[in-house]
Structure formats: structure tokens, C-alpha cells
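Text of the file my_file.csv, holding CSV, C-alpha atoms:
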```
chain,number,residue,atom,x,y,z
A,1,MET,CA,71.3,234.4,111.9
A,2,THR,CA,72.0,230.9,113.4
A,3,ASP,CA,75.0,229.1,111.9
A,4,CYS,CA,73.4,225.7,111.2
A,5,ALA,CA,76.8,224.1,110.9
A,6,SER,CA,77.6,224.8,114.6
A,7,ILE,CA,74.4,223.7,116.3
A,8,ASP,CA,74.1,220.5,118.2
A,9,LEU,CA,70.6,219.0,118.3
A,10,LYS,CA,71.1,216.1,120.6
A,11,HIS,CA,68.2,215.8,123.1
A,12,HIS,CA,66.1,218.0,120.9
A,13,PHE,CA,62.9,217.4,118.9
A,14,LEU,CA,62.8,218.0,115.2
A,15,ILE,CA,59.2,218.9,114.4
A,16,ALA,CA,58.2,218.6,110.7
A,17,MET,CA,56.9,221.8,109.1
A,18,PRO,CA,53.7,221.5,107.1
A,19,GLY,CA,55.6,221.8,103.8
A,20,LEU,CA,57.4,218.5,104.5
A,21,GLU,CA,55.2,216.1,102.6
A,22,ASP,CA,57.5,213.0,102.6
A,23,GLU,CA,55.2,210.2,103.7
A,24,THR,CA,57.6,209.0,106.4
A,25,PHE,CA,58.3,212.4,107.9
A,26,ALA,CA,55.1,214.4,107.4
A,27,ARG,CA,53.8,215.7,110.8
A,28,SER,CA,56.6,213.8,112.5
A,29,VAL,CA,58.4,214.5,115.8
A,30,ILE,CA,61.9,213.1,116.0
A,31,TYR,CA,63.9,212.7,119.1
A,32,MET,CA,67.5,213.4,118.2
A,33,CYS,CA,70.0,210.8,119.6
A,34,GLU,CA,73.1,211.9,117.8
A,35,HIS,CA,74.3,215.0,115.9
A,36,THR,CA,77.9,215.5,114.8
A,37,PRO,CA,79.6,217.3,111.9
A,38,HIS,CA,79.5,213.9,110.2
A,39,GLY,CA,75.7,213.3,110.4
A,40,ALA,CA,72.7,212.8,112.7
A,41,MET,CA,70.3,210.1,113.8
A,42,GLY,CA,67.1,210.1,115.7
A,43,LEU,CA,63.8,208.2,116.3
A,44,ILE,CA,60.4,209.3,115.2
A,45,ILE,CA,58.3,209.3,118.4
A,46,ASN,CA,54.8,209.9,117.1
A,47,LYS,CA,54.1,207.3,114.4
A,48,PRO,CA,52.8,203.9,115.5
A,49,ALA,CA,53.8,200.7,113.8
A,50,ASP,CA,51.2,198.0,113.4
A,51,ILE,CA,52.2,196.1,116.5
A,52,SER,CA,51.9,196.4,120.3
A,53,MET,CA,54.8,195.9,122.7
A,54,GLY,CA,53.2,192.7,123.9
A,55,HIS,CA,53.1,191.3,120.4
A,56,LEU,CA,56.6,192.4,119.7
A,57,PHE,CA,57.9,190.5,122.7
A,58,ASP,CA,56.0,187.4,121.6
A,59,LYS,CA,57.8,187.7,118.2
A,60,VAL,CA,61.2,187.7,119.9
A,61,ASP,CA,60.2,184.8,122.2
A,62,LEU,CA,59.9,186.8,125.4
A,63,THR,CA,56.9,187.3,127.6
A,64,LEU,CA,56.4,191.0,128.6
A,65,ARG,CA,55.6,191.0,132.4
A,66,ARG,CA,55.1,194.7,132.6
A,67,GLN,CA,51.3,195.2,132.5
A,68,ASP,CA,51.8,198.9,132.1
A,69,LEU,CA,53.5,198.4,128.8
A,70,LEU,CA,51.7,195.4,127.2
A,71,SER,CA,49.3,197.4,125.0
A,72,ASN,CA,51.6,200.3,124.3
A,73,PRO,CA,52.2,200.8,120.5
A,74,VAL,CA,55.6,200.1,119.1
A,75,GLY,CA,56.7,203.2,117.1
A,76,HIS,CA,57.8,203.5,113.4
A,77,GLY,CA,61.2,205.1,114.2
A,78,GLY,CA,62.2,205.9,110.7
A,79,PRO,CA,63.0,204.3,107.3
A,80,VAL,CA,66.5,202.8,108.2
A,81,GLN,CA,66.8,199.3,109.6
A,82,THR,CA,63.0,198.9,110.1
A,83,GLU,CA,63.5,195.2,111.1
A,84,ARG,CA,65.6,196.3,114.1
A,85,GLY,CA,64.3,197.5,117.5
A,86,PHE,CA,65.5,200.7,119.2
A,87,VAL,CA,64.6,201.2,122.9
A,88,LEU,CA,64.4,204.8,124.0
A,89,HIS,CA,64.3,205.0,127.8
A,90,ASP,CA,65.0,207.0,130.9
A,91,PRO,CA,68.7,206.8,131.9
A,92,MET,CA,69.7,203.6,133.8
A,93,ARG,CA,72.9,204.0,135.6
A,94,MET,CA,75.2,201.4,137.3
A,95,ASP,CA,76.4,202.4,140.7
A,96,LYS,CA,79.7,203.9,139.5
A,97,PRO,CA,81.2,207.3,140.3
A,98,GLU,CA,81.0,209.8,137.5
A,99,PRO,CA,82.3,210.1,134.9
A,100,GLU,CA,82.8,206.4,134.6
A,101,ALA,CA,79.1,205.6,135.1
A,102,GLY,CA,77.7,203.7,132.2
A,103,SER,CA,74.5,202.1,131.2
A,104,VAL,CA,73.5,198.8,132.6
A,105,TYR,CA,72.9,197.5,129.1
A,106,ALA,CA,75.4,196.1,126.6
A,107,SER,CA,74.8,198.5,123.7
A,108,THR,CA,73.5,201.9,124.8
A,109,LEU,CA,73.9,205.4,123.4
A,110,THR,CA,73.6,208.0,126.2
A,111,VAL,CA,72.3,211.3,124.9
A,112,PRO,CA,74.0,214.0,126.9
A,113,GLY,CA,71.5,215.7,129.2
A,114,GLY,CA,68.8,213.4,127.9
A,115,LEU,CA,67.6,209.9,127.4
A,116,GLU,CA,69.3,206.6,126.5
A,117,MET,CA,68.8,204.5,123.4
A,118,THR,CA,69.6,200.8,123.8
A,119,THR,CA,69.8,198.3,120.9
A,120,SER,CA,70.9,195.2,122.8
A,121,ARG,CA,68.5,192.4,123.7
A,122,ASP,CA,69.3,192.6,127.4
A,123,VAL,CA,67.0,195.6,127.9
A,124,LEU,CA,64.1,193.5,126.4
A,125,GLU,CA,65.0,190.7,128.8
A,126,ALA,CA,64.9,193.1,131.7
A,127,LEU,CA,61.5,194.3,130.7
A,128,SER,CA,60.4,190.8,130.2
A,129,SER,CA,61.3,189.9,133.8
A,130,GLY,CA,59.1,192.8,135.0
A,131,ALA,CA,62.1,195.1,135.6
A,132,GLY,CA,64.0,197.4,133.2
A,133,PRO,CA,63.6,201.2,132.7
A,134,ARG,CA,60.4,202.7,134.1
A,135,ARG,CA,59.5,204.5,130.9
A,136,VAL,CA,60.3,203.2,127.5
A,137,LEU,CA,59.5,203.7,123.8
A,138,ILE,CA,60.4,201.0,121.4
A,139,THR,CA,60.6,201.8,117.7
A,140,LEU,CA,61.4,199.8,114.7
A,141,GLY,CA,63.9,201.6,112.5
A,142,TYR,CA,65.5,205.0,112.8
A,143,ALA,CA,66.0,208.2,110.8
A,144,SER,CA,69.5,209.3,109.7
A,145,TRP,CA,71.1,212.2,107.8
A,146,GLY,CA,74.5,212.3,106.2
A,147,GLU,CA,77.1,215.0,106.6
A,148,GLY,CA,75.5,218.4,106.1
A,149,GLN,CA,72.1,216.9,105.1
A,150,LEU,CA,70.2,217.9,108.3
A,151,GLU,CA,71.7,221.4,108.3
A,152,SER,CA,70.6,221.8,104.7
A,153,GLU,CA,67.0,220.8,105.6
A,154,LEU,CA,67.1,223.2,108.5
A,155,SER,CA,68.2,226.0,106.3
A,156,GLU,CA,65.2,225.2,104.0
A,157,ASN,CA,62.8,225.5,107.0
A,158,ALA,CA,61.8,221.8,106.8
A,159,TRP,CA,62.0,221.4,110.6
A,160,LEU,CA,61.4,223.4,113.8
A,161,THR,CA,63.7,222.5,116.7
A,162,VAL,CA,63.1,222.6,120.4
A,163,PRO,CA,64.8,221.1,123.5
A,164,ALA,CA,63.2,217.7,124.0
A,165,SER,CA,60.8,216.8,126.8
A,166,ALA,CA,60.9,213.2,128.2
A,167,ASP,CA,57.3,213.6,129.3
A,168,VAL,CA,56.2,214.2,125.6
A,169,VAL,CA,58.1,211.0,124.7
A,170,PHE,CA,56.7,208.8,127.4
A,171,GLU,CA,53.5,210.3,128.9
A,172,VAL,CA,51.7,211.8,125.9
A,173,PRO,CA,49.7,209.5,123.6
A,174,MET,CA,51.4,209.1,120.2
A,175,ALA,CA,48.6,210.9,118.3
A,176,GLU,CA,49.0,214.0,120.5
A,177,ARG,CA,52.8,214.3,120.5
A,178,TYR,CA,53.0,216.6,117.4
A,179,ASP,CA,50.8,219.2,119.0
A,180,ARG,CA,52.5,218.8,122.4
A,181,ALA,CA,55.9,219.3,120.8
A,182,LEU,CA,54.7,222.5,119.1
A,183,ASP,CA,53.3,223.6,122.5
A,184,LEU,CA,56.9,223.6,123.8
A,185,LEU,CA,57.5,226.4,121.3
A,186,GLY,CA,54.2,228.2,122.1
A,187,LEU,CA,52.9,227.3,118.7
A,188,LYS,CA,49.7,225.6,117.3
A,189,SER,CA,49.7,223.7,114.0
A,190,TRP,CA,47.2,226.1,112.5
A,191,MET,CA,49.8,228.9,112.9
A,192,LEU,CA,52.3,227.2,110.5
A,193,SER,CA,52.1,227.9,106.8
A,194,PRO,CA,53.3,225.2,104.4
A,195,ASP,CA,55.2,228.0,102.7
A,196,ALA,CA,57.0,229.3,105.9
A,197,GLY,CA,60.4,230.7,105.2
A,198,HIS,CA,60.0,230.9,101.5
A,199,ALA,CA,59.0,234.6,101.1
```

Target format C-alpha cells, applied to this file:
Amino acid sequence: MTDCASIDLKHHFLIAMPGLEDETFARSVIYMCEHTPHGAMGLIINKPADISMGHLFDKVDLTLRRQDLLSNPVGHGGPVQTERGFVLHDPMRMDKPEPEAGSVYASTLTVPGGLEMTTSRDVLEALSSGAGPRRVLITLGYASWGEGQLESELSENAWLTVPASADVVFEVPMAERYDRALDLLGLKSWMLSPDAGHA
């Protein structure tokens, strides 16, 4: 049996089980950015907010000059700080020798072995100029768990976990990401019972 207290789910997907009926999290896929003994945080990657990236940039007085991103939906990243933007993107490194290499942006969380999440405006300015990370997902808000909360939900079989795939985050349409995340486990949604784990 897995000891939930010792697992580290950074750069993993949490995939909601059918029994998870909370409106925010039902059928959600969450990219885990942080997971420590003190808590966890991640971004829902498969629920669109009612705004496109082009419109979001207009709202923050920037013009998005990346035609490949203009019509992309902004995601609903979770119920916390829904007025704040979180930019999930491929790693962007400055030309520094490891291990001092850092992100090119002012406020970036680097997920070990995975992606980067930037909350500073400079990443938006880079995208506005036509540069910036090649692949991005912008969400409004994030999901978080207090100490022991996520581990408790895992023990109750609320979530499946699988190592994350950047291609699912960036290359798969939002509406298909739940099924594609399940594919990583060799599962289909019809195989999952709402009562799984409660024999």
C-alpha cells in the first residue's frame, strides 16, 4: 500500500474520479505545481474561463502579437485568487550554468522535471511583443490544499494520479484533456465507477 504522506506529486496530473461532484473539480485535470508536507497547489488545465487570451491581454492593456495564441481560451485554474493570472509554460532558461540557471521572468516557480509557472507581468509583456515561451496556458485562479488535505482526498480515492504530459497541457484541446489524461493510465472514463474504492 502506498504511503500517501511520502508521495511527491509535483509535475503530475490529478484526475478527478467520477464520485468527485464538487462543481469546480468534477471531471477536472490538475497540473501539480507544488507538493510539500505543508500543502499543495496546482492549476486546473481543462476548464475554460469565459475569455480568450486576446481579450485577456486587452483587459491588461497589452496587445497580444502571437497569432497562434490569440483565440486560445484562458483556463479556470481553480477557486483561489480567481482575479489573478497564472502562466504555465515550457521552461525558459537564462544562459547560466546549472544549477544557478533561473527563469528569465521575475516571479517563476520551476516544477522539478516539468514546466514553469510564472505570475509576473513580464511574461505577458514578452508574449505581447511576439516572443515569450513557445507553449503557454494562462489560467485565472489556482487550486490549493492545506497540510494533509490532498493526502486525505487521495486516500478516499477522489483522484487518480499520473506523471504529467506537457503535450496534454499544450497540444490537446481543453475539452479532450480529461480523456487524454486518463489515456496516460490506459483508462477510459466509462471504466471508472463513481463508487471506486468504497467496497

Atom CA of Ala16 of chain A to atom CA of Lys188 of chain A, straight-line distance in Å: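 Those two atoms sit 12.8 Å apart.
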
Which residue of A:Ala158, A:Ile45, A:Ile30, A:Ile7 approaches Ala175 of chain A most closely, using all atoms listed in the file: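 Nearest candidate to Ala175 of chain A out of A:Ala158, A:Ile45, A:Ile30, A:Ile7: A:Ile45.
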
Å distance separating atom CA of Tyr105 of chain A from atom CA of Leu88 of chain A, one decimal place: 12.3 Å

Distance criterion (all atoms listed in the file): nearest to Thr110 of chain A out of A:Met92, A:Ile51, A:Leu69, A:Met174: A:Met92

Between atom CA of Asp167 of chain A and atom CA of His12 of chain A, distance in Å (one decimal):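 Here the two named atoms are 12.9 Å from each other.
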
Shortest interatomic distance to Leu64 of chain A - which of A:Trp190, A:Glu23, A:Asp8, A:Ser52, counting all atoms listed in the file: A:Ser52

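Using all atoms listed in the file, the shortest contact distance between Phe86 of chain A and any of A:Leu182, A:Val74, A:Val104, A:Met117 is found at A:Met117.
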